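Visitor: Below is a structure I'd like to ask you about.
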Amino acid sequence: MSTTTAGRFSWALVSPPIAAAVLAVTWGTHPGTLGNVVVGVAIVAAVLAAVHHAEVVAHRVGEPFGSLLLAVAVTIIEVGLIVTLMVGGKGDTSTLARDTVFAAVMITVNGIAGLAIVVGALRHHLAVFNPEGTGSALATVVALAGLTLVVPGFTTSADGPVFTGSQLAFAAIASLSLYAMFVVTQTVRHRDFFLPVARDGQRGPVDADGDGHADPPTGREALISLGLLAVALVGVVGLAKVESHAIESAVHSLGLPAAVVGVVIALLVLLPESIAAVRAALRDDAQTSFNLAYGSAMASIGLTIPSIAVASIWLDGPLALGIDPLQLVLLVLSVLVAVLTVVPGRAKPLAGGVHLILFAAFLFLSAAP
């Protein structure tokens, strides 16, 4: 093991226990400024460590199982953050789940995918991927987003952009079903559609060890990483509960819309996914970048909405899921551009640039609607 690799591993090894220790000290308190800074650093460290250990396990099981594992791990963090903020947050939190899920879709479809395309295409002339697998992933993302974020704004059984109990139950079951069907397609029925694509168009591993890990980790190392991943996830969720008041207070004091809280959550949990996608693009593996981006979007909707639906049984107040007209326009533009990007199976830097401009528009309009 090289010095650099050992350093990364040592850092990821100690971060989860430290996050757990900080959680034990701060649980049930409202830390001051310095305390909030320490908690914030511990959250970021735990998130990065969680994804690092997910990558170790993913390297052991291989693609596309690795991308799936990363997406599920990140979504567990996201669900925990949403629920803890909805339970312990102050003010109206009825739109928090919607804002966070919508932000996750915009970040993955435009931010992560766009950045990966730009980086990969600039370095390798074109970003090459499998349109069959990537297209089916995008179709699933669009169906999930439409059913859970668009349809609630047009139903008439309840006032406002909300589902009735039966409608929410149907949306939750439909989301889980779509996600389950995609997972079976990705990992069993048509796994080859989601493997890296070589320059000659052949499917298969492309520079499989280009991420610096010459050999897959041993079973013992993978089990250790699995345990530390669980500790890191518990630390992130618990520390988010401690930090929830500080996040909301900061957004309120800056005069920003409440939707920015959801954007902050999504940016926090998807930052490591972004790093992993860019690293894959740099080693000419755009397929894995898309697996990470669209897989995270699907997991964000397909797992978060059912979880929130169950949590709504004991949560007070309505659960507004329908996006507003501005968000709907951004979603439609993003879908149209994504379809045009995916269909050819290869993308120029321009395609990534268009996605990044849409992502920048989302960020700007979230703060200044």
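Residue numbering restarts at 1 in every chain; chains get A, B, ... in the order shown in the structure tokens, and ligands count up from 1 in that same order.
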List every residue of range 9-89 of chain A that has an atom at most 7 Å from any atom of range 222-231 of chain A, and for each one report the closest atom pair and its distance in Å to one decimal, counting only C-alpha atoms, with rows sorted by chain and then by increasing residue number, as JSON lines.
Guide:
```
{"residue": "A:Pro16", "atom": "CA", "partner": "A:Val231", "partner_atom": "CA", "distance": 5.8}
{"residue": "A:Ala50", "atom": "CA", "partner": "A:Leu229", "partner_atom": "CA", "distance": 4.8}
{"residue": "A:His53", "atom": "CA", "partner": "A:Ser225", "partner_atom": "CA", "distance": 4.8}
{"residue": "A:Ala54", "atom": "CA", "partner": "A:Leu229", "partner_atom": "CA", "distance": 6.6}
{"residue": "A:Val56", "atom": "CA", "partner": "A:Ala222", "partner_atom": "CA", "distance": 6.3}
{"residue": "A:Val57", "atom": "CA", "partner": "A:Ala222", "partner_atom": "CA", "distance": 5.1}
{"residue": "A:Arg60", "atom": "CA", "partner": "A:Ala222", "partner_atom": "CA", "distance": 6.8}
```
Visitor: Per DSSP on the backbone, what are the alpha helix (DSSP H) residues of range 37-119 of chain A, as a PyMOL selection string?
Guide: chain A and resi 37-61+65-88+96-106+113-119
Visitor: Using only C-alpha atoms, can you tell me which of A:Leu23, A:Leu168, A:Ala351, A:Glu221 comes closest to Ile313 in chain A?
Guide: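 Among the listed residues, the smallest separation from Ile313 in chain A belongs to A:Leu168.
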Visitor: At a cut-off of 8 Å, using only C-alpha atoms, what residues contact Phe359 in chain A? Leave out same-chain residues fewer than 2 positions from it and give the result as a ChimeraX atom specification.
Guide: /A:106-107,110-111,355-357,361-363
Visitor: Which distance in Å separates CA of Gly160 in chain A and CA of Arg98 in chain A, to one decimal?
Guide: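 Going from CA of Gly160 in chain A over to CA of Arg98 in chain A covers 13.4 Å.
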Visitor: Under the rule of at most 12 Å, produce a per-residue listing of range 74-181 of chain A near range 325-341 of chain A: chain, number, name, the closest pair of atoms, and the distance in Å, as a Markdown table, using only C-alpha atoms.
Guide:
```
| residue | atom | partner | partner_atom | distance |
| --- | --- | --- | --- | --- |
| A:Arg98 | CA | A:Gln327 | CA | 10.7 |
| A:Asp99 | CA | A:Gln327 | CA | 9.5 |
| A:Val101 | CA | A:Gln327 | CA | 11.8 |
| A:Phe102 | CA | A:Gln327 | CA | 8.2 |
| A:Ala103 | CA | A:Gln327 | CA | 9.7 |
| A:Ala104 | CA | A:Leu331 | CA | 11.6 |
| A:Val105 | CA | A:Leu331 | CA | 8.5 |
| A:Met106 | CA | A:Leu331 | CA | 7.5 |
| A:Ile107 | CA | A:Ser334 | CA | 10.6 |
| A:Thr108 | CA | A:Ser334 | CA | 10.6 |
| A:Val109 | CA | A:Ser334 | CA | 7.2 |
| A:Asn110 | CA | A:Ser334 | CA | 7.0 |
| A:Gly111 | CA | A:Ser334 | CA | 10.6 |
| A:Ala113 | CA | A:Ala338 | CA | 9.1 |
| A:Gly114 | CA | A:Ala338 | CA | 9.5 |
| A:Ile117 | CA | A:Thr341 | CA | 9.7 |
| A:Leu126 | CA | A:Thr341 | CA | 12.0 |
| A:Ala127 | CA | A:Thr341 | CA | 10.5 |
| A:Val128 | CA | A:Thr341 | CA | 11.0 |
| A:Phe129 | CA | A:Thr341 | CA | 10.7 |
| A:Asn130 | CA | A:Thr341 | CA | 11.7 |
| A:Pro131 | CA | A:Thr341 | CA | 9.4 |
| A:Glu132 | CA | A:Val339 | CA | 11.9 |
| A:Thr134 | CA | A:Val339 | CA | 9.9 |
| A:Gly135 | CA | A:Val339 | CA | 7.6 |
| A:Ser136 | CA | A:Val339 | CA | 10.6 |
| A:Ala137 | CA | A:Val339 | CA | 10.9 |
| A:Leu138 | CA | A:Val339 | CA | 7.7 |
| A:Ala139 | CA | A:Val339 | CA | 8.8 |
| A:Thr140 | CA | A:Val335 | CA | 11.5 |
| A:Val141 | CA | A:Val335 | CA | 9.3 |
| A:Val142 | CA | A:Val335 | CA | 7.2 |
| A:Ala143 | CA | A:Val335 | CA | 10.7 |
| A:Ala145 | CA | A:Leu331 | CA | 8.8 |
| A:Gly146 | CA | A:Leu331 | CA | 9.4 |
| A:Leu149 | CA | A:Leu328 | CA | 8.8 |
| A:Val150 | CA | A:Leu328 | CA | 7.2 |
| A:Val151 | CA | A:Leu328 | CA | 10.7 |
| A:Pro152 | CA | A:Leu328 | CA | 11.9 |
| A:Gly153 | CA | A:Pro325 | CA | 9.3 |
| A:Phe154 | CA | A:Pro325 | CA | 11.4 |
| A:Pro161 | CA | A:Pro325 | CA | 11.3 |
```
Visitor: Considering only C-alpha atoms, tabulate each residue of range 137-199 of chain A that lies at most 9 Å from range 270-287 of chain A along with its nearest interatomic pair and the corresponding distance in Å to one decimal; arrange the rows by chain and ascending residue number and present them as JSON lines.
Guide:
```
{"residue": "A:Phe194", "atom": "CA", "partner": "A:Gln287", "partner_atom": "CA", "distance": 6.7}
{"residue": "A:Leu195", "atom": "CA", "partner": "A:Gln287", "partner_atom": "CA", "distance": 6.7}
{"residue": "A:Pro196", "atom": "CA", "partner": "A:Gln287", "partner_atom": "CA", "distance": 5.1}
{"residue": "A:Val197", "atom": "CA", "partner": "A:Gln287", "partner_atom": "CA", "distance": 6.8}
{"residue": "A:Ala198", "atom": "CA", "partner": "A:Asp285", "partner_atom": "CA", "distance": 8.4}
```
Visitor: Which residue gives the smallest distance to Leu68 in chain A among A:Asn291, A:Leu13, A:Val234, A:Gly262, with only C-alpha atoms counted?
Guide: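 Looking only at the distances to Leu68 in chain A, the closest residue turns out to be A:Asn291.
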Visitor: Could you check the closest approach to Ala180 in chain A for each of A:Leu256, A:Ile82, A:Met298, A:Leu268 and tell me which residue wins, using only C-alpha atoms?
Guide: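 Going through A:Leu256, A:Ile82, A:Met298, A:Leu268 one by one, the smallest distance to Ala180 in chain A is for A:Met298.
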Visitor: What gap, in Å, lies between CA of Gly165 in chain A and CA of Ala258 in chain A?
Guide: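 Value for the CA of Gly165 in chain A-CA of Ala258 in chain A distance: 24.9 Å.
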Visitor: Check the smallest atom-to-atom distance from each of A:Val188, A:Val39, A:Val183, A:Ala368 to Ala20 in chain A using only C-alpha atoms, then report the winner.
Guide: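 Ranked by minimum distance to Ala20 in chain A, first place goes to A:Val39.
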Visitor: Can you tell me which residues surround Phe170 in chain A at a distance of at most 12 Å, considering only C-alpha atoms, apart from same-chain residues fewer than 4 positions away, and format the answer as a PyMOL selection string?
Guide: chain A and resi 147-148+152+163-166+174-177+305-306+309
Visitor: Restricted to all heavy atoms, what would the selected residues look like written as a compact mmCIF listing (two decimals), in the first residue's frame?
Guide:
```txt
# COMPACT_ATOMS: atom_id res chain seq x y z
N LEU A 147 -43.96 11.24 -11.33
CA LEU A 147 -44.99 10.70 -10.45
C LEU A 147 -45.00 11.35 -9.07
O LEU A 147 -46.06 11.54 -8.48
CB LEU A 147 -44.80 9.18 -10.30
CG LEU A 147 -45.23 8.31 -11.48
CD1 LEU A 147 -44.83 6.86 -11.25
CD2 LEU A 147 -46.75 8.40 -11.67
N THR A 148 -43.82 11.66 -8.56
CA THR A 148 -43.74 12.12 -7.16
C THR A 148 -43.61 13.64 -7.01
O THR A 148 -43.99 14.17 -5.96
CB THR A 148 -42.54 11.46 -6.46
OG1 THR A 148 -41.34 11.79 -7.17
CG2 THR A 148 -42.70 9.95 -6.44
N PRO A 152 -48.40 15.61 -8.02
CA PRO A 152 -49.11 16.19 -6.87
C PRO A 152 -49.62 17.61 -7.12
O PRO A 152 -50.59 18.04 -6.48
CB PRO A 152 -48.06 16.18 -5.75
CG PRO A 152 -47.13 15.09 -6.14
CD PRO A 152 -47.06 15.12 -7.63
N PHE A 163 -50.56 15.02 -1.80
CA PHE A 163 -51.27 13.78 -2.06
C PHE A 163 -52.22 13.48 -0.90
O PHE A 163 -51.93 13.83 0.25
CB PHE A 163 -50.29 12.61 -2.19
CG PHE A 163 -49.69 12.45 -3.56
CD1 PHE A 163 -48.36 12.06 -3.69
CD2 PHE A 163 -50.44 12.63 -4.71
CE1 PHE A 163 -47.80 11.86 -4.95
CE2 PHE A 163 -49.89 12.46 -5.97
CZ PHE A 163 -48.57 12.07 -6.09
N THR A 164 -53.31 12.81 -1.19
CA THR A 164 -54.11 12.22 -0.12
C THR A 164 -53.35 10.99 0.40
O THR A 164 -52.34 10.58 -0.16
CB THR A 164 -55.48 11.79 -0.63
OG1 THR A 164 -55.31 10.77 -1.64
CG2 THR A 164 -56.24 12.98 -1.25
N GLY A 165 -53.85 10.41 1.48
CA GLY A 165 -53.19 9.24 2.04
C GLY A 165 -53.06 8.10 1.05
O GLY A 165 -52.00 7.48 0.92
N SER A 166 -54.15 7.83 0.33
CA SER A 166 -54.11 6.72 -0.65
C SER A 166 -53.20 7.05 -1.82
O SER A 166 -52.49 6.18 -2.33
CB SER A 166 -55.53 6.42 -1.14
OG SER A 166 -56.10 7.56 -1.77
N ALA A 174 -45.37 2.71 -6.12
CA ALA A 174 -44.90 2.85 -7.51
C ALA A 174 -43.42 3.20 -7.56
O ALA A 174 -42.67 2.68 -8.40
CB ALA A 174 -45.73 3.92 -8.22
N SER A 175 -42.96 4.08 -6.65
CA SER A 175 -41.55 4.46 -6.62
C SER A 175 -40.66 3.28 -6.29
O SER A 175 -39.63 3.04 -6.95
CB SER A 175 -41.34 5.58 -5.60
OG SER A 175 -42.05 6.74 -5.94
N LEU A 176 -41.05 2.52 -5.27
CA LEU A 176 -40.27 1.33 -4.91
C LEU A 176 -40.26 0.31 -6.04
O LEU A 176 -39.23 -0.32 -6.31
CB LEU A 176 -40.85 0.70 -3.64
CG LEU A 176 -40.45 1.34 -2.30
CD1 LEU A 176 -41.20 0.66 -1.16
CD2 LEU A 176 -38.95 1.23 -2.08
N SER A 177 -41.40 0.15 -6.71
CA SER A 177 -41.49 -0.82 -7.80
C SER A 177 -40.58 -0.43 -8.95
O SER A 177 -39.86 -1.27 -9.52
CB SER A 177 -42.94 -0.94 -8.28
OG SER A 177 -43.79 -1.38 -7.23
N ILE A 305 -38.96 8.99 -1.02
CA ILE A 305 -40.40 9.21 -0.98
C ILE A 305 -41.13 8.13 -0.17
O ILE A 305 -41.95 8.45 0.70
CB ILE A 305 -40.98 9.31 -2.41
CG1 ILE A 305 -40.40 10.55 -3.12
CG2 ILE A 305 -42.50 9.40 -2.36
CD1 ILE A 305 -40.69 11.86 -2.43
N PRO A 306 -40.85 6.84 -0.39
CA PRO A 306 -41.50 5.83 0.47
C PRO A 306 -41.15 6.00 1.95
O PRO A 306 -42.01 5.81 2.82
CB PRO A 306 -40.96 4.51 -0.08
CG PRO A 306 -40.64 4.80 -1.50
CD PRO A 306 -40.12 6.21 -1.50
N ALA A 309 -43.09 8.83 3.23
CA ALA A 309 -44.50 8.45 3.31
C ALA A 309 -44.78 7.69 4.61
O ALA A 309 -45.79 7.93 5.28
CB ALA A 309 -44.87 7.59 2.10
```
Visitor: As an exercise, work out the distance from CA of Trp11 in chain A to CA of His52 in chain A in Å and give it to one decimal place.
Guide: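 Those two atoms sit 10.1 Å apart.
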Visitor: Measuring between only C-alpha atoms, which one of A:Ala232, A:Ala360, A:Val22, A:Leu96 shows the shortest distance to Leu48 in chain A?
Guide: A:Ala232
